[in-house]
Amino acid sequence: LAYNEANATHLRVSGALQQLILAMESLDVEMGCVTAAAGVSMILKERTMELLSVPSQHQIVRLLVEALTCALKDRPYPAYSAVFYDSWKLMNALSNLALSRAGAEMLVKSGFLEVIRTALNTEKDPVVLRFTLTCLMRISDHEIEQ
């Protein structure tokens, strides 16, 4: 629902955001922690990092980067599950994190640039490539060094 701006606004106003943050923080695959993390990123966009606690900031980056790493290899995340995520949705969520300097810095520190390199070298889906390039451009806007 959060991929549409009007829906994202309704989710912010309805209080659903707090429930998504709780689901993300649970780290419970059954509760959809990765989907919740993507939803939080889609709802908050460039304000994600400033509105989350520091532990939640690290958690959202870790969940999305790990899930994308698996998705790019056509593997489930977590490995013991049968849950497969769409690369484009994860890359889109990560590109929203890169809108802010704090998010871009966390992505770079997490090793995410290597994931971007993998996506650019192996991905054939034009939608994934578009979000990958968007994410890379947003990170480069902040002139962050490794």
# chains A, B, ... in the order shown; residues from 1 in each chain; ligands from 1
>>> closest_atom_pairs(of="region 10-53 of chain A", to="region 93-105 of chain A", cutoff="6 Å", atoms="only C-alpha atoms", output="tab-separated table")
residue	atom	partner	partner_atom	distance
A:Ala38	CA	A:Ala93	CA	5.2
A:Ser41	CA	A:Ala93	CA	5.4
A:Met42	CA	A:Ala93	CA	5.8
A:Lys45	CA	A:Asn96	CA	4.9
A:Glu46	CA	A:Leu99	CA	4.8
>>> write_last_selection(atoms="C-alpha atoms", output="mmCIF file, in the first residue's frame")
data_model
loop_
_atom_site.group_PDB
_atom_site.id
_atom_site.type_symbol
_atom_site.label_atom_id
_atom_site.label_comp_id
_atom_site.auth_asym_id
_atom_site.auth_seq_id
_atom_site.Cartn_x
_atom_site.Cartn_y
_atom_site.Cartn_z
ATOM 1 C CA ALA A 38 10.141 -1.602 3.468
ATOM 2 C CA SER A 41 10.870 3.414 4.403
ATOM 3 C CA MET A 42 8.143 3.993 1.818
ATOM 4 C CA LYS A 45 10.933 8.528 2.813
ATOM 5 C CA GLU A 46 13.716 11.075 3.568
#
>>> closest_atom_pairs(of="region 41-115 of chain A", to="region 121-129 of chain A", cutoff="8 Å", atoms="only C-alpha atoms", output="tab-separated table")
residue	atom	partner	partner_atom	distance
A:Leu72	CA	A:Glu123	CA	7.5
A:Ser87	CA	A:Val128	CA	6.3
A:Trp88	CA	A:Val128	CA	4.5
A:Met91	CA	A:Val128	CA	7.0
>>> write_last_selection(atoms="all heavy atoms", output="short mmCIF file (atom, residue, chain, number, x, y, z; two decimals), in the first residue's frame")
data_model
loop_
_atom_site.label_atom_id
_atom_site.label_comp_id
_atom_site.auth_asym_id
_atom_site.auth_seq_id
_atom_site.Cartn_x
_atom_site.Cartn_y
_atom_site.Cartn_z
N LEU A 72 18.65 -10.84 -4.80
CA LEU A 72 19.45 -10.75 -6.01
C LEU A 72 20.05 -12.10 -6.41
O LEU A 72 20.41 -12.32 -7.57
CB LEU A 72 20.56 -9.72 -5.85
CG LEU A 72 20.11 -8.26 -5.80
CD1 LEU A 72 21.27 -7.36 -5.39
CD2 LEU A 72 19.50 -7.82 -7.12
N SER A 87 13.23 -7.87 -5.64
CA SER A 87 14.41 -7.00 -5.59
C SER A 87 14.04 -5.54 -5.80
O SER A 87 14.57 -4.65 -5.13
CB SER A 87 15.42 -7.41 -6.66
OG SER A 87 15.90 -8.71 -6.42
N TRP A 88 13.12 -5.27 -6.71
CA TRP A 88 12.79 -3.87 -7.00
C TRP A 88 12.14 -3.19 -5.80
O TRP A 88 12.41 -2.01 -5.55
CB TRP A 88 11.92 -3.74 -8.25
CG TRP A 88 10.48 -4.11 -8.08
CD1 TRP A 88 9.92 -5.33 -8.31
CD2 TRP A 88 9.41 -3.24 -7.66
NE1 TRP A 88 8.57 -5.28 -8.04
CE2 TRP A 88 8.23 -4.01 -7.66
CE3 TRP A 88 9.34 -1.91 -7.29
CZ2 TRP A 88 7.00 -3.49 -7.29
CZ3 TRP A 88 8.11 -1.38 -6.92
CH2 TRP A 88 6.95 -2.17 -6.94
N MET A 91 14.98 -2.50 -3.30
CA MET A 91 15.86 -1.44 -3.79
C MET A 91 15.14 -0.09 -3.71
O MET A 91 15.76 0.93 -3.37
CB MET A 91 16.31 -1.72 -5.22
CG MET A 91 17.45 -0.83 -5.68
SD MET A 91 19.00 -1.03 -4.76
CE MET A 91 19.69 -2.46 -5.58
#
>>> atom_distance(atom1="CA of Arg62 (chain A)", atom2="CA of Ala82 (chain A)")
19.3 Å
>>> residues_around(residues="Thr69 (chain A)", least_positions_apart="5", cutoff="9 Å", atoms="only C-alpha atoms", output="PDB file with all heavy atoms, in the first residue's frame")
ATOM      1  N   LEU A  64      16.833  -4.692   5.262  1.00  0.00           N
ATOM      2  CA  LEU A  64      16.638  -4.455   3.832  1.00  0.00           C
ATOM      3  C   LEU A  64      17.853  -4.866   3.006  1.00  0.00           C
ATOM      4  O   LEU A  64      17.703  -5.465   1.933  1.00  0.00           O
ATOM      5  CB  LEU A  64      16.273  -2.986   3.585  1.00  0.00           C
ATOM      6  CG  LEU A  64      14.912  -2.552   4.138  1.00  0.00           C
ATOM      7  CD1 LEU A  64      14.715  -1.050   3.974  1.00  0.00           C
ATOM      8  CD2 LEU A  64      13.770  -3.324   3.494  1.00  0.00           C
ATOM      9  N   ASP A  74      18.278 -14.904  -5.872  1.00  0.00           N
ATOM     10  CA  ASP A  74      17.093 -15.775  -5.920  1.00  0.00           C
ATOM     11  C   ASP A  74      17.049 -16.737  -4.744  1.00  0.00           C
ATOM     12  O   ASP A  74      16.699 -17.910  -4.892  1.00  0.00           O
ATOM     13  CB  ASP A  74      17.014 -16.544  -7.243  1.00  0.00           C
ATOM     14  CG  ASP A  74      16.766 -15.614  -8.416  1.00  0.00           C
ATOM     15  OD1 ASP A  74      15.983 -14.672  -8.265  1.00  0.00           O
ATOM     16  OD2 ASP A  74      17.366 -15.845  -9.486  1.00  0.00           O
ATOM     17  N   ARG A  75      17.391 -16.225  -3.574  1.00  0.00           N
ATOM     18  CA  ARG A  75      17.366 -17.020  -2.345  1.00  0.00           C
ATOM     19  C   ARG A  75      16.346 -16.453  -1.380  1.00  0.00           C
ATOM     20  O   ARG A  75      16.083 -15.253  -1.381  1.00  0.00           O
ATOM     21  CB  ARG A  75      18.740 -17.010  -1.679  1.00  0.00           C
ATOM     22  CG  ARG A  75      19.799 -17.697  -2.485  1.00  0.00           C
ATOM     23  CD  ARG A  75      21.098 -17.743  -1.718  1.00  0.00           C
ATOM     24  NE  ARG A  75      22.147 -18.346  -2.527  1.00  0.00           N
ATOM     25  CZ  ARG A  75      23.422 -18.109  -2.342  1.00  0.00           C
ATOM     26  NH1 ARG A  75      23.828 -17.324  -1.378  1.00  0.00           N
ATOM     27  NH2 ARG A  75      24.309 -18.692  -3.115  1.00  0.00           N
ATOM     28  N   TYR A  77      14.833 -15.197   2.264  1.00  0.00           N
ATOM     29  CA  TYR A  77      15.387 -14.496   3.423  1.00  0.00           C
ATOM     30  C   TYR A  77      14.365 -14.552   4.539  1.00  0.00           C
ATOM     31  O   TYR A  77      13.221 -14.192   4.327  1.00  0.00           O
ATOM     32  CB  TYR A  77      15.717 -13.040   3.109  1.00  0.00           C
ATOM     33  CG  TYR A  77      16.267 -12.319   4.318  1.00  0.00           C
ATOM     34  CD1 TYR A  77      17.595 -12.485   4.676  1.00  0.00           C
ATOM     35  CD2 TYR A  77      15.460 -11.528   5.123  1.00  0.00           C
ATOM     36  CE1 TYR A  77      18.107 -11.856   5.806  1.00  0.00           C
ATOM     37  CE2 TYR A  77      15.964 -10.895   6.255  1.00  0.00           C
ATOM     38  CZ  TYR A  77      17.283 -11.069   6.583  1.00  0.00           C
ATOM     39  OH  TYR A  77      17.793 -10.459   7.700  1.00  0.00           O
ATOM     40  N   SER A  87      13.234  -7.874  -5.637  1.00  0.00           N
ATOM     41  CA  SER A  87      14.407  -6.995  -5.595  1.00  0.00           C
ATOM     42  C   SER A  87      14.035  -5.535  -5.796  1.00  0.00           C
ATOM     43  O   SER A  87      14.567  -4.654  -5.128  1.00  0.00           O
ATOM     44  CB  SER A  87      15.421  -7.413  -6.664  1.00  0.00           C
ATOM     45  OG  SER A  87      15.896  -8.706  -6.415  1.00  0.00           O
ATOM     46  N   VAL A 115      26.561  -4.451  -2.817  1.00  0.00           N
ATOM     47  CA  VAL A 115      25.271  -4.992  -3.259  1.00  0.00           C
ATOM     48  C   VAL A 115      24.825  -4.268  -4.522  1.00  0.00           C
ATOM     49  O   VAL A 115      24.322  -4.892  -5.463  1.00  0.00           O
ATOM     50  CB  VAL A 115      24.205  -4.877  -2.138  1.00  0.00           C
ATOM     51  CG1 VAL A 115      22.856  -5.380  -2.613  1.00  0.00           C
ATOM     52  CG2 VAL A 115      24.658  -5.629  -0.894  1.00  0.00           C
ATOM     53  N   THR A 118      26.794  -5.615  -7.396  1.00  0.00           N
ATOM     54  CA  THR A 118      26.246  -6.914  -7.803  1.00  0.00           C
ATOM     55  C   THR A 118      24.998  -6.731  -8.653  1.00  0.00           C
ATOM     56  O   THR A 118      24.841  -7.370  -9.697  1.00  0.00           O
ATOM     57  CB  THR A 118      25.921  -7.776  -6.560  1.00  0.00           C
ATOM     58  OG1 THR A 118      27.130  -7.998  -5.835  1.00  0.00           O
ATOM     59  CG2 THR A 118      25.292  -9.103  -6.939  1.00  0.00           C
ATOM     60  N   ALA A 119      24.098  -5.866  -8.207  1.00  0.00           N
ATOM     61  CA  ALA A 119      22.860  -5.625  -8.948  1.00  0.00           C
ATOM     62  C   ALA A 119      23.157  -5.085 -10.348  1.00  0.00           C
ATOM     63  O   ALA A 119      22.562  -5.537 -11.333  1.00  0.00           O
ATOM     64  CB  ALA A 119      21.962  -4.663  -8.184  1.00  0.00           C
TER      65      ALA A 119
END
>>> closest_residue(among="A:Val83, A:Asn92, A:Glu145, A:Ala71", to="Val40 (chain A)", atoms="only C-alpha atoms")
A:Asn92
>>> residues_around(residues="region 19-33 of chain A", least_positions_apart="4", cutoff="8 Å", atoms="only C-alpha atoms", output="number ranges by chain")
A: 15, 37, 39-40, 56, 59-60, 63, 78
>>> write_last_selection(atoms="N, CA and C atoms", output="CSV table (one decimal), in the first residue's frame")
chain,number,residue,atom,x,y,z
A,15,GLY,N,-2.0,6.0,12.0
A,15,GLY,CA,-1.2,5.4,13.1
A,15,GLY,C,-0.7,4.0,12.7
A,37,ALA,N,9.7,-3.2,7.3
A,37,ALA,CA,10.8,-2.3,7.2
A,37,ALA,C,10.7,-1.5,5.8
A,39,GLY,N,7.9,-1.0,4.2
A,39,GLY,CA,6.8,-0.1,4.4
A,39,GLY,C,7.2,1.2,5.2
A,40,VAL,N,7.9,1.0,6.2
A,40,VAL,CA,8.4,2.2,7.0
A,40,VAL,C,9.2,3.1,6.1
A,56,SER,N,16.7,1.2,15.7
A,56,SER,CA,15.8,0.9,14.6
A,56,SER,C,16.4,1.3,13.2
A,59,GLN,N,18.6,-1.4,12.3
A,59,GLN,CA,17.8,-2.6,12.0
A,59,GLN,C,17.2,-2.5,10.6
A,60,ILE,N,16.6,-1.3,10.3
A,60,ILE,CA,16.0,-1.2,8.9
A,60,ILE,C,17.0,-1.4,7.8
A,63,LEU,N,18.1,-5.3,7.8
A,63,LEU,CA,17.0,-6.1,7.2
A,63,LEU,C,16.9,-5.9,5.7
A,78,PRO,N,14.8,-15.0,5.7
A,78,PRO,CA,16.1,-15.6,6.0
A,78,PRO,C,16.3,-16.9,5.4
>>> select_by_dssp(residues="region 13-135 of chain A", states="alpha helix (DSSP H)", output="NGL selection string")
:A and (13-14 or 16-26 or 33-44 or 48-51 or 54-72 or 87-97 or 101-109 or 112-122 or 126-135)
>>> closest_residue(among="A:Leu68, A:Thr9, A:Leu133, A:Ser81", to="Phe112 (chain A)", atoms="only C-alpha atoms")
A:Leu68
>>> atom_distance(atom1="CA of Val61 (chain A)", atom2="CA of His10 (chain A)")
24.2 Å
